[in-house]
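**Student:** Please find one structure pasted underneath; my questions will follow.
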Amino acid sequence: MKKRTILLLFLICLSFSLFSEERITQDKGYPNRNFKVYVKTMIPYSRDLEVELPWDENDILNLAADPYLRPYNALTDKEGEIIYEDMTEVVLTFRSEMGDIYNCSGLRLFRRKFELVIPDFPVIVNNWDEANIDYPLQLYWSPVEKTAYPGEIISLILNLRYTENLEFPESITMKKPPQGTLEQVDLPGSIEPYELQDKTVYTYPLESWYFSSGEAGKLTIPGGSVEIMGLARSIPTLEIDILPLPEEVRKSGAVGDLSLITHISQDKAVQGEIVTLTIRIEGTGNFPYLNFPEVSSEGFGLINTDEKEELLPTEGGYTGFREITYRFQAGRDSVGQISCEPYFWFNPVKDELQSYPGDTYDMNITGQGGLEEDLFELLSPSLVEWVIFKEFSQGPLMWVLLLPGLIYFLISLFSLNDKSKSSLFLLLALPFILSMAGGGERKELIKEAQHLYDEGALEECRQIYNTLLEDKQWSAYYFNLAVLDYYGGDIVESEIYFRKGLLALPGDRNFTTGIGKVEELADLKDQYMVNWLISRWSLQLILILMLNLFLVALSFYLKRKELSQLLIMSSLFFLSLITAGGLVLMDSLNERPQAIVESGGAQLYRIPEESALTWLNLPQGTSLRLVAEQQGFYFIKTGYGLEGWIETGKIVPLGSE
């Protein structure tokens with residue numbers, strides 16, 4: 001009897017193992033609707049079979065009813081004969097609040113001491129708009145650290161999974177976080193295929209961003225939307241805890257696994273020689289958002305800065321380097337100094353504050369070098385007066401005053417007596433008298449400035465010319481200030497004054513020569529130059545000559561008609577106003593520089609936002625045309641075709657002091 005029982009138990013176990021193949025199907029599942037999953041086994045149906053589902057119910061997917069068993073007919077091979085036999089089918093009822101693919105833990109069928117475990121299987125819940133595809137599309141972020149520091153780069157990679165085809169999205173929109181910067185970048189990602197219900201589905205990255213927070217606190221990145229395969233999907237939000245940075249790092253804003261080195265081109269200099277200081281930051285971190293350490297100098301004039309970078313987006317942030325080079329010119333002091341202040345950054349990899357102690361470079365400045373005494377000469381008092389007259393003579397006011405008297409004088413040769421003719425010389429001399437108005441006090445100040453210059457008191461000389469500028473902005477004053485700044489070692493300021501003078505006297509050789517020399521020294525190329533096919537002086541002479549010839553001819557005609565001299569004078573004055581207006585219009589149509597980049601250079605942005613990535617660095621002395629103004633930025637154009645936005649505080653207008 002015991003042997004028979006053991007044999008029977010063996011046969012039952014054998015039958016469970018032989019008929020353990022399952023076939024799983026399900027109704028189309030949608031959120032918030034009951035649907036059934038059918039598990040057909042090759043276990044002979046019996047009323048004393050029981051089923052257990054080791055399923056941890058939750059709010060996303062749960063059982064809507066108890067599972068139950070029912071028989072179904074299946075073909076079986078019994079002792080070589082194919083017959084129908086009742087097998088066991090398990091019916092499960094589920095309900096889900098959202099579309100996804102869920103893993104259902106294995107079923108357990110058992111009868112007394114014997115059991116059959118059915119492996120895990122997927123339960124598919126499509127969203128309501130996914131009736132034409134087999135699997136629900138799901139967006140999710142690659143794993144993101146839940147804590148970060150202000151300024152630290154947080155890599156956001158948006159992935160799509162459960163797709164049978166690799167599709168490009170029609171559009172992706174990310175909402176702007178309440179604070180910080182969000183920048184679209186190309187981060188590395190991988191396509192991951194895997195098998196699901198005898199099909200291959202994929203997970204792959206759709207888009208990636210860098211996020212950098214501006215301040216500490218709880219932060220929610222608000223997500224956005226994606227349109228793909230004709231479907232609209234919401235990008236999930238992210239919760240990140242932004243930890244406070246050490247106080248020392250707030251000035252630099254530098255966060256990452258970084259290192260900083262500096263290099264000075266030489267340890268001594270001669271007057272006028274160019275000395276370069278290079279600061280290089282390299283590693284992995286928030287390169288676009290960090291600030292370089294401040295640099296100061298004594299006995300040197302800052303000419304310009306040049307910045308370059310090589311950065312590659314990686315999941316840990318930008319990897320590469322940023323480098324800035326300062327170009328200084330040695331002045332007339334015997335001792336000079338260039339200093340780079342201490343610099344701090346936070347390394348989240350090592351979770352520690354790191355620093356660069358700063359450097360101070362002292363060097364002797366000898367008296368032979370690029371500041372040649374005869375490169376420029378200060379305009380003498382007599383030359384200053386000549387340049388003032390030349391500038392006045394080229395202005396429209398000069399010809400408004402001169403033309404009526406000149407033409408009236410020509411007409412008077414044929415119609416007035418000698419006494420009337422001699423009185424007209426006063427009218428002709430009026431422009432010259434006006435150009436020299438106030439010349440007494442001015443001449444005394446200019447002579448005093450010349451005396452101070454000859455004695456080497458450049459700063460006192462400069463103060464006198466600044467005082468003169470407050471009264472009247474003559475180009476001669478700008479020229480002398482440019483010379484004084486050149487010998488004082490401030491090349492950029494020297495060029496600014498040369499350019500301001502050139503605006504008043506376009507094409508003047510003194511100013512174009514001065515600009516060419518300081519640009520050569522400062523290595524500033526392809527700037528906006530004042531380009532005239534003919535000079536304003538020549539153009540005015542041609543226009544005046546043509547008008548004179550016309551009005552002389554007209555005077556003969558008017559004389560025969562016996563028109564009054566008052567009418568003739570009024571007509572001439574009106575025509576001279578038209579001539580002056582034409583000169584002003586032609587002057588405005590020429591593209592001339594309107595501003596120049598101030599000391600320290602300026603970052604060029606593609607859009608007028610401080611948080612935007614900078615395009616490149618415009619060096620000091622770069623001349624610009626101002627096209628538009630918006631939100632503290634100018635839209636500018638350079639002489640070599642670059643266009644973009646720069647901050648308004650980074651330029652010096654050339655039209656006024």
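Lettering and numbering for the structure tokens are positional, with chains as A, B, ... in the shown order, residues counted from 1 in each chain, and ligands counted from 1 in the shown order.
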Which residues are near stretch 61-78 of chain A? Cut-off 9 Å, only C-alpha atoms, ignore same chain within fewer than 4 positions. Put them as a ChimeraX atom specification.

**Tutor:** /A:34-35,40,42,44-47,49-53,55-57,82-98,102

**Student:** For stretch 467-482 of chain A, please output as number ranges by chain all residues within 6 Å (counting only C-alpha atoms; exclusion window: fewer than 4 positions along the same chain).

**Tutor:** A: 378, 384, 387, 494, 497-498, 501

**Student:** Using Å and a single decimal, report how far atom CA of A:Pro619 sits from atom CA of A:Ala504.

**Tutor:** 24.5 Å

**Student:** Let me make sure I understand: among A:Leu158, A:Ile636, A:Leu311, A:Ile24, which one has the smallest atom-to-atom distance to A:Ser225 if we use only C-alpha atoms?

**Tutor:**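 Closest to A:Ser225, using only C-alpha atoms: A:Leu158.
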
**Student:** Counting only C-alpha atoms, what is within 9 Å of A:Leu238, bar same-chain residues fewer than 2 positions away, as a PDB file with C-alpha atoms, in the first residue's frame?

**Tutor:**
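As a result, around-v7.pdb now contains:
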```
ATOM      1  CA  TRP A 141      14.844  60.813 -16.324  1.00  0.00           C
ATOM      2  CA  VAL A 144      19.739  62.205 -10.879  1.00  0.00           C
ATOM      3  CA  LYS A 146      18.745  64.355  -5.171  1.00  0.00           C
ATOM      4  CA  LEU A 219      13.888  73.193  -5.981  1.00  0.00           C
ATOM      5  CA  THR A 220      11.373  71.684  -8.384  1.00  0.00           C
ATOM      6  CA  ILE A 221      12.384  71.431 -12.026  1.00  0.00           C
ATOM      7  CA  PRO A 222       8.950  71.739 -13.622  1.00  0.00           C
ATOM      8  CA  GLY A 223       9.335  69.356 -16.567  1.00  0.00           C
ATOM      9  CA  PRO A 236       8.037  64.356 -15.235  1.00  0.00           C
ATOM     10  CA  ILE A 240      16.268  68.487  -5.886  1.00  0.00           C
TER      11      ILE A 240
END
```

**Student:** Just the number, please: distance in Å from atom CA of A:Lys637 to atom CA of A:Asn291, one decimal.

**Tutor:**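 Result for atom CA of A:Lys637 versus atom CA of A:Asn291: 25.8 Å, one decimal.
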
**Student:** Hey, which of A:Gln463, A:Thr512, A:Ser380, A:Gln337 ends up closest to A:Gln450? Count only C-alpha atoms.

**Tutor:**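 For A:Gln450, the nearest of the candidates is A:Ser380.
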